[in-house]
$ cat run_6.txt   # compact mmCIF, C-alpha atoms and all ligand atoms
# COMPACT_ATOMS: atom_id res chain seq x y z
CA MET A 926 -9.11 -21.66 27.41
CA GLN A 927 -7.46 -19.37 24.89
CA ALA A 928 -9.22 -18.98 21.55
CA ILE A 929 -7.25 -19.91 18.44
CA MET A 930 -7.22 -18.27 14.99
CA ARG A 931 -5.37 -18.87 11.77
CA ALA A 932 -2.81 -16.39 10.56
CA LEU A 933 -0.15 -16.08 7.87
CA VAL A 934 3.03 -16.08 9.93
CA LYS A 935 6.68 -15.46 9.06
CA HIS A 936 7.82 -17.97 11.66
CA THR A 937 11.62 -17.90 11.25
CA ALA A 938 14.12 -15.36 9.96
CA GLY A 939 15.47 -15.82 6.42
CA ASN A 940 14.08 -16.29 2.93
CA GLY A 941 10.60 -17.87 2.85
CA ASN A 942 9.50 -19.43 6.16
CA LEU A 943 5.89 -18.34 5.71
CA ASP A 944 2.94 -20.54 6.68
CA ILE A 945 -0.62 -20.49 7.89
CA LEU A 946 -0.36 -21.30 11.58
CA GLU A 947 -2.83 -21.55 14.42
CA VAL A 948 -2.07 -18.78 16.89
CA PRO A 949 -3.85 -17.37 19.95
CA VAL A 950 -6.52 -14.73 19.30
CA PRO A 951 -4.98 -11.50 20.66
CA VAL A 952 -6.43 -10.30 23.96
CA CYS A 953 -7.91 -6.79 24.07
CA GLY A 954 -6.27 -4.72 26.84
CA PRO A 955 -8.06 -1.92 28.75
CA ARG A 956 -6.84 0.79 26.33
CA GLU A 957 -7.13 -1.31 23.20
CA VAL A 958 -9.67 -2.24 20.56
CA LYS A 959 -10.16 -5.62 18.92
CA VAL A 960 -10.92 -5.51 15.21
CA GLU A 961 -12.21 -8.43 13.17
CA VAL A 962 -10.33 -8.21 9.87
CA ALA A 963 -12.61 -8.12 6.82
CA TYR A 964 -9.97 -7.73 4.10
CA CYS A 965 -6.22 -7.29 4.03
CA GLY A 966 -4.45 -6.28 0.82
CA LEU A 967 -1.26 -7.88 -0.35
CA CYS A 968 1.55 -5.47 -1.16
CA GLY A 969 5.13 -5.55 -2.41
CA THR A 970 6.32 -5.05 1.17
CA ASP A 971 4.79 -8.42 2.13
CA VAL A 972 6.73 -10.02 -0.71
CA HIS A 973 9.92 -8.32 0.57
CA VAL A 974 9.21 -9.59 4.08
CA MET A 975 8.81 -13.09 2.66
CA HIS A 976 12.15 -12.82 0.86
CA ASP A 977 13.72 -11.15 3.92
CA THR A 978 14.62 -8.03 1.89
CA PHE A 979 12.59 -5.76 4.22
CA PRO A 980 13.30 -5.59 7.99
CA ASN A 981 11.09 -8.04 9.91
CA TYR A 982 10.95 -9.57 13.37
CA PRO A 983 9.74 -13.19 13.30
CA PRO A 984 7.63 -14.78 14.48
CA VAL A 985 5.27 -12.15 13.09
CA ILE A 986 1.87 -12.17 11.36
CA LEU A 987 2.09 -10.42 7.96
CA GLY A 988 -0.38 -7.91 6.49
CA HIS A 989 -0.65 -4.14 6.97
CA GLU A 990 -3.31 -2.94 4.49
CA PHE A 991 -6.61 -3.74 6.12
CA ALA A 992 -10.08 -2.79 7.21
CA GLY A 993 -12.59 -4.49 9.45
CA THR A 994 -15.19 -4.19 12.16
CA VAL A 995 -14.66 -3.39 15.84
CA THR A 996 -15.76 -6.38 17.97
CA GLU A 997 -14.51 -5.43 21.43
CA ILE A 998 -13.25 -2.34 23.25
CA GLY A 999 -11.15 -2.09 26.40
CA ASN A 1000 -12.88 -0.59 29.46
CA GLU A 1001 -10.85 2.64 29.25
CA VAL A 1002 -11.66 3.24 25.56
CA THR A 1003 -14.15 5.92 24.53
CA GLY A 1004 -15.36 7.17 21.16
CA VAL A 1005 -15.32 3.73 19.52
CA LYS A 1006 -17.95 1.01 19.73
CA PRO A 1007 -18.43 -2.57 18.58
CA GLY A 1008 -19.81 -2.60 15.05
CA ASP A 1009 -17.80 0.43 13.90
CA ARG A 1010 -16.36 -0.09 10.42
CA VAL A 1011 -12.75 1.01 10.36
CA ALA A 1012 -9.58 1.35 8.34
CA VAL A 1013 -6.48 0.97 10.50
CA LEU A 1014 -3.22 2.91 10.42
CA GLY A 1015 -0.92 -0.01 11.15
CA ALA A 1016 2.36 1.85 10.63
CA THR A 1017 2.11 3.58 14.02
CA ALA A 1018 1.80 0.33 16.02
CA VAL A 1019 5.03 1.12 17.88
CA THR A 1020 6.62 4.59 18.01
CA CYS A 1021 8.50 6.42 20.78
CA GLY A 1022 5.95 9.25 20.83
CA GLU A 1023 8.65 11.66 22.04
CA CYS A 1024 11.17 12.32 19.28
CA SER A 1025 10.84 15.42 17.10
CA TYR A 1026 9.37 13.33 14.27
CA CYS A 1027 6.71 11.73 16.46
CA ARG A 1028 5.81 15.12 17.93
CA SER A 1029 5.45 16.77 14.55
CA GLY A 1030 3.33 13.95 13.07
CA TYR A 1031 6.12 12.45 10.96
CA PHE A 1032 6.14 9.23 12.99
CA ILE A 1033 7.33 7.36 9.89
CA PHE A 1034 10.87 8.64 10.61
CA CYS A 1035 10.88 7.61 14.29
CA SER A 1036 13.89 5.37 14.89
CA LYS A 1037 11.85 3.25 17.34
CA ARG A 1038 8.96 2.70 14.91
CA ARG A 1039 7.68 -0.77 14.17
CA GLY A 1040 4.74 -1.21 11.83
CA MET A 1041 2.14 -3.98 11.73
CA GLY A 1042 2.81 -6.90 9.43
CA HIS A 1043 6.60 -6.92 9.84
CA GLY A 1044 7.54 -5.20 13.13
CA VAL A 1045 4.55 -6.44 15.13
CA ASN A 1046 1.67 -8.79 14.31
CA GLY A 1047 -0.40 -7.74 11.31
CA ALA A 1048 -3.73 -8.49 9.71
CA PHE A 1049 -3.43 -11.65 7.63
CA ALA A 1050 -5.47 -13.12 10.48
CA GLN A 1051 -8.99 -13.07 11.82
CA TYR A 1052 -8.39 -10.51 14.57
CA VAL A 1053 -5.99 -7.73 15.46
CA VAL A 1054 -5.72 -5.63 18.60
CA VAL A 1055 -4.80 -1.95 18.12
CA ARG A 1056 -5.00 1.43 19.86
CA PRO A 1057 -8.11 3.53 19.23
CA ASP A 1058 -5.99 6.35 17.71
CA GLN A 1059 -5.06 3.97 14.88
CA LEU A 1060 -8.70 3.70 13.77
CA TYR A 1061 -10.42 5.71 11.03
CA GLN A 1062 -14.17 5.26 10.60
CA VAL A 1063 -15.20 4.66 7.01
CA PRO A 1064 -18.55 5.85 5.60
CA ASP A 1065 -21.41 3.29 5.66
CA TRP A 1066 -21.64 3.16 1.90
CA PHE A 1067 -17.88 2.68 1.45
CA SER A 1068 -17.09 -1.05 1.22
CA LEU A 1069 -14.57 -2.65 3.56
CA GLU A 1070 -12.85 -4.14 0.49
CA GLU A 1071 -11.99 -0.70 -0.81
CA ALA A 1072 -11.30 0.61 2.69
CA SER A 1073 -8.59 -2.06 2.91
CA LEU A 1074 -6.75 -0.02 0.25
CA SER A 1075 -6.46 2.92 2.65
CA GLU A 1076 -2.81 2.33 3.47
CA PRO A 1077 -1.55 2.47 -0.14
CA PHE A 1078 -4.07 5.19 -0.98
CA ALA A 1079 -2.73 7.35 1.86
CA THR A 1080 0.71 7.04 0.27
CA ALA A 1081 -0.73 8.40 -2.99
CA VAL A 1082 -2.67 11.13 -1.17
CA GLN A 1083 0.50 12.43 0.45
CA ALA A 1084 2.50 12.29 -2.81
CA VAL A 1085 -0.14 14.05 -4.91
CA THR A 1086 -1.88 16.45 -2.55
CA GLU A 1087 0.71 17.26 0.12
CA VAL A 1088 4.27 16.80 -1.11
CA THR A 1089 3.82 17.85 -4.74
CA GLN A 1090 2.30 21.05 -6.02
CA VAL A 1091 -0.09 20.06 -8.78
CA ARG A 1092 -2.17 22.81 -10.34
CA PRO A 1093 -5.07 22.84 -12.78
CA GLY A 1094 -3.64 23.07 -16.28
CA ASP A 1095 -0.60 20.95 -15.42
CA ILE A 1096 0.29 17.83 -17.34
CA ALA A 1097 1.42 15.03 -15.03
CA LEU A 1098 3.39 11.88 -15.72
CA VAL A 1099 2.95 8.77 -13.59
CA SER A 1100 5.69 6.26 -14.34
CA GLY A 1101 4.87 2.78 -13.00
CA PRO A 1102 1.24 1.57 -13.16
CA GLY A 1103 1.32 -0.53 -9.97
CA PRO A 1104 -1.30 0.07 -7.26
CA ILE A 1105 0.40 3.24 -5.94
CA GLY A 1106 0.81 4.69 -9.44
CA LEU A 1107 -2.82 3.96 -10.28
CA LEU A 1108 -3.96 5.52 -7.00
CA CYS A 1109 -1.92 8.65 -7.82
CA LEU A 1110 -3.65 8.66 -11.21
CA LYS A 1111 -7.11 8.48 -9.60
CA LEU A 1112 -6.32 11.56 -7.49
CA LEU A 1113 -4.90 13.49 -10.45
CA ALA A 1114 -7.86 12.58 -12.64
CA ALA A 1115 -10.31 13.62 -9.89
CA GLU A 1116 -8.56 17.00 -9.72
CA GLY A 1117 -8.93 17.43 -13.47
CA ILE A 1118 -5.20 17.12 -14.11
CA ARG A 1119 -4.20 15.61 -17.43
CA ALA A 1120 -2.18 12.49 -16.56
CA ILE A 1121 0.04 10.35 -18.77
CA VAL A 1122 0.77 6.87 -17.39
CA ALA A 1123 3.80 4.82 -18.41
CA GLY A 1124 4.50 1.13 -17.94
CA THR A 1125 6.52 -1.58 -19.61
CA ALA A 1126 6.02 -4.97 -21.27
CA GLY A 1127 3.88 -7.07 -18.92
CA ASP A 1128 1.92 -4.03 -17.72
CA GLU A 1129 -0.71 -4.27 -20.47
CA GLY A 1130 -3.54 -5.03 -18.03
CA ARG A 1131 -2.49 -2.22 -15.72
CA LEU A 1132 -2.24 0.28 -18.58
CA THR A 1133 -5.71 -0.70 -19.75
CA ALA A 1134 -6.91 -0.01 -16.21
CA ALA A 1135 -5.07 3.34 -16.27
CA LYS A 1136 -7.01 4.32 -19.37
CA LYS A 1137 -10.25 3.38 -17.59
CA PHE A 1138 -9.23 5.39 -14.50
CA GLY A 1139 -8.80 8.55 -16.57
CA ALA A 1140 -5.26 8.57 -18.01
CA SER A 1141 -5.13 10.83 -21.08
CA ASP A 1142 -2.39 8.73 -22.66
CA VAL A 1143 -0.72 5.43 -21.77
CA ILE A 1144 2.82 4.62 -22.83
CA ASP A 1145 4.52 1.24 -23.16
CA VAL A 1146 8.20 2.12 -22.74
CA SER A 1147 9.27 -1.23 -24.21
CA ALA A 1148 7.89 0.07 -27.53
CA THR A 1149 8.83 3.79 -27.32
CA PRO A 1150 11.34 5.37 -24.89
CA LEU A 1151 9.54 7.34 -22.16
CA HIS A 1152 11.08 10.70 -23.05
CA GLU A 1153 10.19 10.32 -26.74
CA ALA A 1154 6.62 9.20 -26.07
CA VAL A 1155 6.01 12.04 -23.60
CA MET A 1156 7.38 14.65 -26.01
CA GLU A 1157 5.09 13.31 -28.69
CA ALA A 1158 2.06 13.37 -26.37
CA THR A 1159 2.79 16.93 -25.21
CA GLY A 1160 3.73 18.54 -28.51
CA GLY A 1161 7.41 18.65 -27.56
CA GLN A 1162 6.71 20.55 -24.33
CA GLY A 1163 7.31 17.90 -21.66
CA VAL A 1164 5.37 17.45 -18.43
CA ASP A 1165 5.01 19.82 -15.48
CA VAL A 1166 5.24 17.15 -12.84
CA ALA A 1167 6.43 13.53 -12.71
CA PHE A 1168 5.61 10.84 -10.13
CA GLU A 1169 8.20 8.08 -10.27
CA CYS A 1170 6.25 5.08 -8.94
CA ALA A 1171 8.13 2.23 -10.65
CA GLY A 1172 11.30 2.33 -8.57
CA HIS A 1173 13.38 1.54 -11.64
CA PRO A 1174 16.58 3.32 -12.78
CA SER A 1175 15.41 3.76 -16.39
CA SER A 1176 12.09 5.15 -15.17
CA VAL A 1177 13.94 7.71 -13.00
CA ARG A 1178 15.99 8.84 -15.97
CA GLY A 1179 12.98 8.83 -18.29
CA CYS A 1180 10.98 11.01 -15.88
CA ILE A 1181 13.80 13.55 -15.54
CA GLU A 1182 14.17 13.73 -19.32
CA ALA A 1183 10.39 14.08 -19.79
CA LEU A 1184 10.13 17.14 -17.49
CA ARG A 1185 9.99 20.63 -18.92
CA ALA A 1186 12.07 23.44 -17.38
CA MET A 1187 11.13 24.41 -13.79
CA ALA A 1188 9.07 21.26 -13.39
CA ARG A 1189 8.65 19.10 -10.27
CA TYR A 1190 9.74 15.48 -9.74
CA THR A 1191 8.49 13.30 -6.90
CA GLN A 1192 10.11 9.99 -5.99
CA VAL A 1193 7.44 7.58 -4.77
CA GLY A 1194 8.96 4.24 -5.79
CA VAL A 1195 11.95 2.51 -4.23
CA CYS A 1196 14.78 1.43 -6.55
CA GLY A 1197 16.64 -0.65 -3.99
CA CYS A 1198 19.99 0.23 -5.58
CA ASP A 1199 22.26 3.13 -6.47
CA ILE A 1200 21.69 4.43 -9.98
CA ASP A 1201 23.41 6.37 -12.72
CA PHE A 1202 21.79 9.80 -12.45
CA PRO A 1203 21.69 12.76 -14.91
CA ILE A 1204 22.20 15.38 -12.21
CA ASP A 1205 23.04 18.25 -14.58
CA GLN A 1206 19.45 18.22 -15.80
CA ILE A 1207 18.41 19.37 -12.32
CA PHE A 1208 20.58 22.45 -12.93
CA PHE A 1209 19.90 23.09 -16.60
CA LYS A 1210 16.13 22.71 -16.23
CA GLN A 1211 16.04 24.08 -12.67
CA LEU A 1212 14.00 21.12 -11.50
CA THR A 1213 12.56 20.60 -8.03
CA MET A 1214 13.03 17.05 -6.76
CA VAL A 1215 11.44 15.63 -3.66
CA GLY A 1216 10.70 12.27 -2.08
CA SER A 1217 7.37 11.21 -0.63
CA ARG A 1218 7.42 8.39 1.90
CA CYS A 1219 4.19 6.98 3.32
CA TYR A 1220 1.96 9.55 5.08
CA THR A 1221 1.14 11.23 8.36
CA ALA A 1222 -1.97 10.92 10.52
CA ASN A 1223 -3.13 14.17 8.89
CA THR A 1224 -2.89 12.49 5.50
CA TRP A 1225 -5.27 9.83 6.81
CA LYS A 1226 -7.71 12.52 7.94
CA ARG A 1227 -7.59 14.10 4.49
CA MET A 1228 -8.13 10.67 2.94
CA MET A 1229 -11.27 10.16 5.04
CA ASN A 1230 -12.56 13.49 3.70
CA ILE A 1231 -11.84 12.27 0.18
CA TYR A 1232 -13.85 9.11 0.90
CA ALA A 1233 -16.71 11.13 2.39
CA GLN A 1234 -16.86 13.44 -0.62
CA GLY A 1235 -17.43 10.34 -2.76
CA ARG A 1236 -15.67 11.43 -5.94
CA ILE A 1237 -13.04 8.71 -5.80
CA ARG A 1238 -13.85 5.02 -5.48
CA LEU A 1239 -11.21 2.35 -5.10
CA ASN A 1240 -13.16 -0.89 -5.66
CA ASP A 1241 -12.25 -1.11 -9.34
CA LEU A 1242 -8.59 -1.40 -8.36
CA ILE A 1243 -9.25 -4.73 -6.61
CA SER A 1244 -8.73 -7.48 -9.17
CA ASP A 1245 -8.74 -10.53 -6.91
CA ILE A 1246 -10.42 -11.39 -3.61
CA LEU A 1247 -9.10 -14.63 -2.17
CA PRO A 1248 -9.32 -16.57 1.10
CA LEU A 1249 -6.22 -16.31 3.27
CA THR A 1250 -5.52 -20.00 2.61
CA GLU A 1251 -4.71 -19.06 -1.00
CA TRP A 1252 -2.01 -16.61 0.06
CA ARG A 1253 0.60 -18.33 -2.10
CA ARG A 1254 -1.45 -17.70 -5.26
CA ALA A 1255 -1.87 -14.06 -4.28
CA PHE A 1256 1.90 -13.68 -3.69
CA ASP A 1257 2.58 -15.23 -7.12
CA MET A 1258 0.11 -12.82 -8.77
CA CYS A 1259 1.73 -9.87 -7.03
CA MET A 1260 5.25 -10.93 -8.05
CA GLY A 1261 4.14 -11.66 -11.63
CA ARG A 1262 2.28 -8.30 -11.90
CA LYS A 1263 -0.82 -10.35 -12.75
CA ALA A 1264 -3.12 -8.63 -10.27
CA LEU A 1265 -3.98 -4.95 -9.99
CA LYS A 1266 -4.54 -5.50 -6.29
CA ALA A 1267 -5.25 -8.77 -4.51
CA VAL A 1268 -6.97 -8.71 -1.12
CA LEU A 1269 -7.31 -11.67 1.23
CA TYR A 1270 -10.08 -12.39 3.72
CA PRO A 1271 -9.75 -14.61 6.78
CA GLY A 1272 -13.15 -16.23 6.19
CA GLU A 1273 -15.29 -18.27 8.58
CA ALA A 1274 -13.89 -20.45 11.33
CA LYS A 1275 -12.96 -23.66 9.59
CA THR A 1276 -13.86 -27.22 10.60
CA HIS A 1277 -11.11 -29.61 11.58
CA GLU A 1278 -11.61 -31.57 8.36
CA HIS A 1279 -10.93 -28.41 6.37
CA ASP A 1280 -7.81 -27.77 8.45
CA ASP A 1281 -6.30 -31.06 7.27
CA ARG A 1282 -6.87 -30.16 3.64
CA THR A 1283 -5.32 -26.76 4.12
CA THR A 1284 -2.26 -28.19 5.82
CA THR A 1285 -1.67 -30.47 2.83
CA MET A 1286 -2.04 -27.57 0.43
CA LEU A 1287 0.34 -25.44 2.48
CA ASP A 1288 2.97 -28.15 2.57
CA GLU A 1289 2.92 -28.14 -1.22
CA ALA A 1290 3.10 -24.37 -1.25
CA ALA A 1291 6.13 -24.45 1.06
CA VAL A 1292 7.90 -26.77 -1.37
CA SER A 1293 7.23 -24.52 -4.35
CA ALA A 1294 8.36 -21.50 -2.33
CA SER A 1295 11.75 -23.05 -1.67
CA VAL A 1296 12.64 -23.69 -5.30
ZN ZN B 1 1.72 -1.83 1.63
ZN ZN B 2 9.61 8.86 17.82
$ encode --input "run_6.txt" --output "structure tokens"
Amino acid sequence: MQAIMRALVKHTAGNGNLDILEVPVPVCGPREVKVEVAYCGLCGTDVHVMHDTFPNYPPVILGHEFAGTVTEIGNEVTGVKPGDRVAVLGATAVTCGECSYCRSGYFIFCSKRRGMGHGVNGAFAQYVVVRPDQLYQVPDWFSLEEASLSEPFATAVQAVTEVTQVRPGDIALVSGPGPIGLLCLKLLAAEGIRAIVAGTAGDEGRLTAAKKFGASDVIDVSATPLHEAVMEATGGQGVDVAFECAGHPSSVRGCIEALRAMARYTQVGVCGCDIDFPIDQIFFKQLTMVGSRCYTANTWKRMMNIYAQGRIRLNDLISDILPLTEWRRAFDMCMGRKALKAVLYPGEAKTHEHDDRTTTMLDEAAVSASV
């Protein structure tokens, strides 16, 4: 008899169509590893999958930011054992392995790629089955809650340490205090870089967190325009490097205006639209502009070194830990910018009585989702 687990499933294409369903526990093949999910973070991409504004292939289990414990290994697998605590690189679930991008480590650009949580089944569930090369062992003293932030943290690690040259003595600007922006800030602060963090009305909680995480200055752009506030904070000099993490047209413009001559600009956020762009400033100030998308497997190796060196902890970024059954509340917090980062746990196997209660709650949630 096939074992059953509960999972948050996008069951049909279109807007919404998300529910906790009972699905078969995935079977571990000879070259695969079964991981019991401890925590899976909720991210803007999950919200986009819900609204059908990010490519997805239903029926599919959501969730791609997770960590857990190995419970089973296929008979051809070596180097991994049950009990290992792991973060999982879900974005490489399906790649061609042969194109120039795959071969050079930049699998993220593979045209055949499908990531966990939208392309193939993800981790808002009790178990996942993955390849051993997707696993990264986390240090014993590093909690699985914070290890579940590995996927967004890797994005920040690439932006700050690989794509952008940041040097001691630089002043950096991080525009957009969401999880990725705050993770960029943690890296900059750990490197001793002075970092200014900007947000807007509604970001008060996140800007307070930024101050706690080592921001030298925080700016509310609804009170003072970004350019003006940065000039004031830097004695009219401007910043050496800007990380645009808000994905908002006015933030893009504000960052470009806030840069001094010969400075660097890195696009980390996604605007989702074409924007009016002050391109002459690239010329007049001789700026360097670059995008940073996700990470490579090498970024994940570097991230594990960062964990091992112990100077950066991520647990204070987690504001809410909820059972998977409260997914709707977590989605609302994410959309309302109420949470720094919400993570969900699948919890214990539930009794049948509990199942009934959950079904009722989910029916109500489905109604509120459709209005
Ligand atoms: Zn994510
Ligand atoms: Zn490829």
$ residues_around --input "run_6.txt" --residues "Met1041 of chain A" --least-positions-apart "3" --cutoff "9 Å" --atoms "all atoms listed in the file" --output "PyMOL selection string"
chain A and resi 985-989+1014-1019+1044-1048
$ atom_distance --input "run_6.txt" --atom1 "atom CA of Met926 of chain A" --atom2 "atom CA of Thr1003 of chain A"
28.2 Å
$ closest_atom_pairs --input "run_6.txt" --of "chain A" --to "ligand ZN 2 (chain B)" --cutoff "12 Å" --atoms "all atoms listed in the file" --output "Markdown table"
| residue | atom | partner | partner_atom | distance |
| --- | --- | --- | --- | --- |
| A:Thr1017 | CA | B:ZN2 | ZN | 9.9 |
| A:Ala1018 | CA | B:ZN2 | ZN | 11.7 |
| A:Val1019 | CA | B:ZN2 | ZN | 9.0 |
| A:Thr1020 | CA | B:ZN2 | ZN | 5.2 |
| A:Cys1021 | CA | B:ZN2 | ZN | 4.0 |
| A:Gly1022 | CA | B:ZN2 | ZN | 4.8 |
| A:Glu1023 | CA | B:ZN2 | ZN | 5.2 |
| A:Cys1024 | CA | B:ZN2 | ZN | 4.1 |
| A:Ser1025 | CA | B:ZN2 | ZN | 6.7 |
| A:Tyr1026 | CA | B:ZN2 | ZN | 5.7 |
| A:Cys1027 | CA | B:ZN2 | ZN | 4.3 |
| A:Arg1028 | CA | B:ZN2 | ZN | 7.3 |
| A:Ser1029 | CA | B:ZN2 | ZN | 9.5 |
| A:Gly1030 | CA | B:ZN2 | ZN | 9.4 |
| A:Tyr1031 | CA | B:ZN2 | ZN | 8.5 |
| A:Phe1032 | CA | B:ZN2 | ZN | 6.0 |
| A:Ile1033 | CA | B:ZN2 | ZN | 8.4 |
| A:Phe1034 | CA | B:ZN2 | ZN | 7.3 |
| A:Cys1035 | CA | B:ZN2 | ZN | 4.0 |
| A:Ser1036 | CA | B:ZN2 | ZN | 6.3 |
| A:Lys1037 | CA | B:ZN2 | ZN | 6.1 |
| A:Arg1038 | CA | B:ZN2 | ZN | 6.8 |
| A:Arg1039 | CA | B:ZN2 | ZN | 10.5 |
$ residues_around --input "run_6.txt" --residues "Leu1249 of chain A" --least-positions-apart "6" --cutoff "7 Å" --atoms "all atoms listed in the file" --output "PyMOL selection string"
chain A and resi 1049+1269-1271
$ residues_near_ligand --input "run_6.txt" --ligand "ligand ZN 1 (chain B)" --cutoff "9 Å" --atoms "only C-alpha atoms and all ligand atoms" --output "list in words"
Gly966, Leu967, Cys968, Gly969, Thr970, Asp971, Gly988, His989, Glu990, Leu1074, Glu1076 and Pro1077 of chain A
$ residues_around --input "run_6.txt" --residues "Ala1097 of chain A" --least-positions-apart "3" --cutoff "8 Å" --atoms "only C-alpha atoms" --output "number ranges by chain"
A: 1113, 1118-1121, 1164-1168
$ atom_distance --input "run_6.txt" --atom1 "atom CA of Val952 of chain A" --atom2 "atom CA of Ser1073 of chain A"
22.7 Å
